[in-house]
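Report on the structure given below.
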Amino acid sequence: MQRYSATVHNEGAEIAYDVEGQGPLLLLVVGGNGDSRRFTALSAQLADRYTVVRYDRRANFRSTGDTQAELDMAQQGRDAAAVIRALGTEKAFVFGNSAGANIALKLTQDHPQLVRGLVDHEPPITDFLPEPEATSWREFFNRVYDIYKADGGAEAMKLFNKSFVGLDLNASAPGDQGSAYDRFLSHEFNTINRFVPDLAALRNGGVPMVTARGRASGDAFYALTARELARKLPCPCIEVSGHHLSYATDPALFANELHQVLVSLKK
């Protein structure tokens with residue numbers, strides 16, 4: 001079974017990625033702090049069925065790039081596309097979680113010829129929610145950012161933590177942030193939370209896709225947006241075990257459920 005690490009150069013940055021396993025190509029798109037180590041356990045559980053690729057997003061962890069530049073969603077999509085192309089000519093199944101789910105949507109929207117199927121897990125697209133919920137969430141995200149500017153990342157993440165359902169809200173930061181949340185808050189947070197995909201482009205691209213929401217996520221905003229995105233496209237919204245980060249906390253179960261979804265996309 002193959003296992004190696006490499007980089008691909010794209011638009012002035014070296015994008016670092018890891019490959020393991022055998023079978024159809026599966027790209028994992030990480031959210032939050034852009035560190036693909038969040039997917040290490042999930043990748044190991046899927047490697048007997050897929051050639052799994054996980055990468056560090058631009059200016060995060062091992063990948064280079066301007067750490068002071070604002071996140072560019074189109075560029076994020078191009079970085080993901082560059083990773084897929086580096087693996088050869090095969091289309092990739094794509095799984096994205098949280099902010100990574102939004103990036104996976106941008107990849108699929110702009111580069112449908114590279115995507116075999118998409119599983120979009122709890123994408124934070126609150127502008128799709130009905131009013132007054134959409135405005136309420138916009139105000140909440142603005143408060144998080146204002147606290148970051150005034151009091152620093154730890155205090156901002158304590159407030160942001162309150163939006164998570166089924167997780168340990170006493171932690172100083174959600175599990176997908178660790179301690180590396182400064183770039184996320186300063187240069188990624190606002191762009192990610194204001195992203196709205198082009199539904200017509202997604203429909204016209206013809207890529208099979210589903211959104212996914214965790215049973216333990218309840219009425220968290222990212223679970224509601226998964227359902228609303230599915231309604232607007234339309235596509236299935238499936239329910240999977242666990243919460244927003246169950247791919248990391250219960251990787252064996254999550255991998256098996258993800259595999260069943262990917263199998264259904266092949267049909």
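As shown in the structure tokens, the chain order sets the letters A, B, ...; within each chain, residues go from 1, and ligands are also counted from 1 in the order they appear.
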
Nearby residues (only C-alpha atoms) at most 8 Å from Leu27 in chain A, same-chain spacing under 5 positions excluded, as a ChimeraX atom specification
/A:52-54,84,92-95

Include N, CA and C atoms and write out the residues we just selected as a PDB file, in the first residue's frame.
ATOM      1  N   VAL A  52      -6.169   7.995  -0.604  1.00  0.00           N
ATOM      2  CA  VAL A  52      -6.607   9.164   0.149  1.00  0.00           C
ATOM      3  C   VAL A  52      -5.531  10.252   0.092  1.00  0.00           C
ATOM      4  N   VAL A  53      -5.946  11.458  -0.220  1.00  0.00           N
ATOM      5  CA  VAL A  53      -5.042  12.600  -0.301  1.00  0.00           C
ATOM      6  C   VAL A  53      -5.546  13.674   0.654  1.00  0.00           C
ATOM      7  N   ARG A  54      -4.679  14.103   1.538  1.00  0.00           N
ATOM      8  CA  ARG A  54      -5.016  15.213   2.438  1.00  0.00           C
ATOM      9  C   ARG A  54      -3.912  16.256   2.308  1.00  0.00           C
ATOM     10  N   ILE A  84      -5.155  17.659  -7.010  1.00  0.00           N
ATOM     11  CA  ILE A  84      -5.760  16.566  -7.778  1.00  0.00           C
ATOM     12  C   ILE A  84      -4.961  16.301  -9.053  1.00  0.00           C
ATOM     13  N   ALA A  92     -11.344  12.987  -8.765  1.00  0.00           N
ATOM     14  CA  ALA A  92     -11.311  12.651  -7.344  1.00  0.00           C
ATOM     15  C   ALA A  92     -12.692  12.761  -6.727  1.00  0.00           C
ATOM     16  N   PHE A  93     -13.017  11.806  -5.855  1.00  0.00           N
ATOM     17  CA  PHE A  93     -14.071  12.051  -4.893  1.00  0.00           C
ATOM     18  C   PHE A  93     -13.539  13.115  -3.936  1.00  0.00           C
ATOM     19  N   VAL A  94     -14.416  13.976  -3.427  1.00  0.00           N
ATOM     20  CA  VAL A  94     -14.003  15.051  -2.529  1.00  0.00           C
ATOM     21  C   VAL A  94     -14.883  15.043  -1.291  1.00  0.00           C
ATOM     22  N   PHE A  95     -14.229  15.113  -0.129  1.00  0.00           N
ATOM     23  CA  PHE A  95     -14.920  15.297   1.145  1.00  0.00           C
ATOM     24  C   PHE A  95     -14.389  16.568   1.783  1.00  0.00           C
TER      25      PHE A  95
END

Leaving out Thr191 in chain A and any residue of its chain fewer than 6 positions from it, which residues lie within 9 Å of it when counting only C-alpha atoms, given as a VMD selection string?
chain A and resid 70 to 73

Report the closest atom pair, with its distance in Å rounded to one decimal, for each residue of range 65-129 of chain A that has an atom no farther than 7 Å from range 202-223 of chain A; count only C-alpha atoms, sort by chain and then rising residue number, and write it as CSV.
residue,atom,partner,partner_atom,distance
A:Thr108,CA,A:Leu202,CA,7.0
A:Gln109,CA,A:Leu202,CA,5.0
A:Pro112,CA,A:Gly205,CA,5.4
A:Val115,CA,A:Val207,CA,6.7
A:Arg116,CA,A:Val207,CA,6.4
A:Gly117,CA,A:Pro208,CA,4.9
A:Leu118,CA,A:Met209,CA,4.5
A:Val119,CA,A:Val210,CA,5.2
A:Asp120,CA,A:Thr211,CA,4.6
A:His121,CA,A:Ala212,CA,4.6
A:Glu122,CA,A:Tyr222,CA,4.8
A:Pro123,CA,A:Tyr222,CA,5.7
A:Pro124,CA,A:Tyr222,CA,4.9
A:Thr126,CA,A:Phe221,CA,7.0

Range 76-227 of chain A: which residues are alpha helix (DSSP H) by DSSP, as a VMD selection string?
chain A and resid 76 to 86 99 to 110 133 to 151 153 to 161 182 to 183 189 to 193 199 to 205 221 to 227

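When only C-alpha atoms are used to measure the gap to Ala59 in chain A, the shortest distance among A:Ala41, A:Ile15, A:Ala81, A:Leu87 belongs to A:Ile15.
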
May I have the residues within 9 Å of Leu159 in chain A as a short mmCIF file (atom, residue, chain, number, x, y, z; two decimals) with C-alpha atoms, in the first residue's frame, using only C-alpha atoms and disregarding those fewer than 6 positions away in the same chain?
data_model
loop_
_atom_site.label_atom_id
_atom_site.label_comp_id
_atom_site.auth_asym_id
_atom_site.auth_seq_id
_atom_site.Cartn_x
_atom_site.Cartn_y
_atom_site.Cartn_z
CA PHE A 140 -22.60 36.86 15.75
CA ARG A 143 -18.86 39.97 17.30
CA VAL A 144 -16.38 37.10 17.21
CA ILE A 147 -13.47 40.40 20.08
#

Near range 56-58 of chain A, counting only C-alpha atoms, which residues have an atom at most 6 Å away, once you skip same-chain residues fewer than 4 positions from it, shown as a VMD selection string?
chain A and resid 16 34 to 36 63 to 65
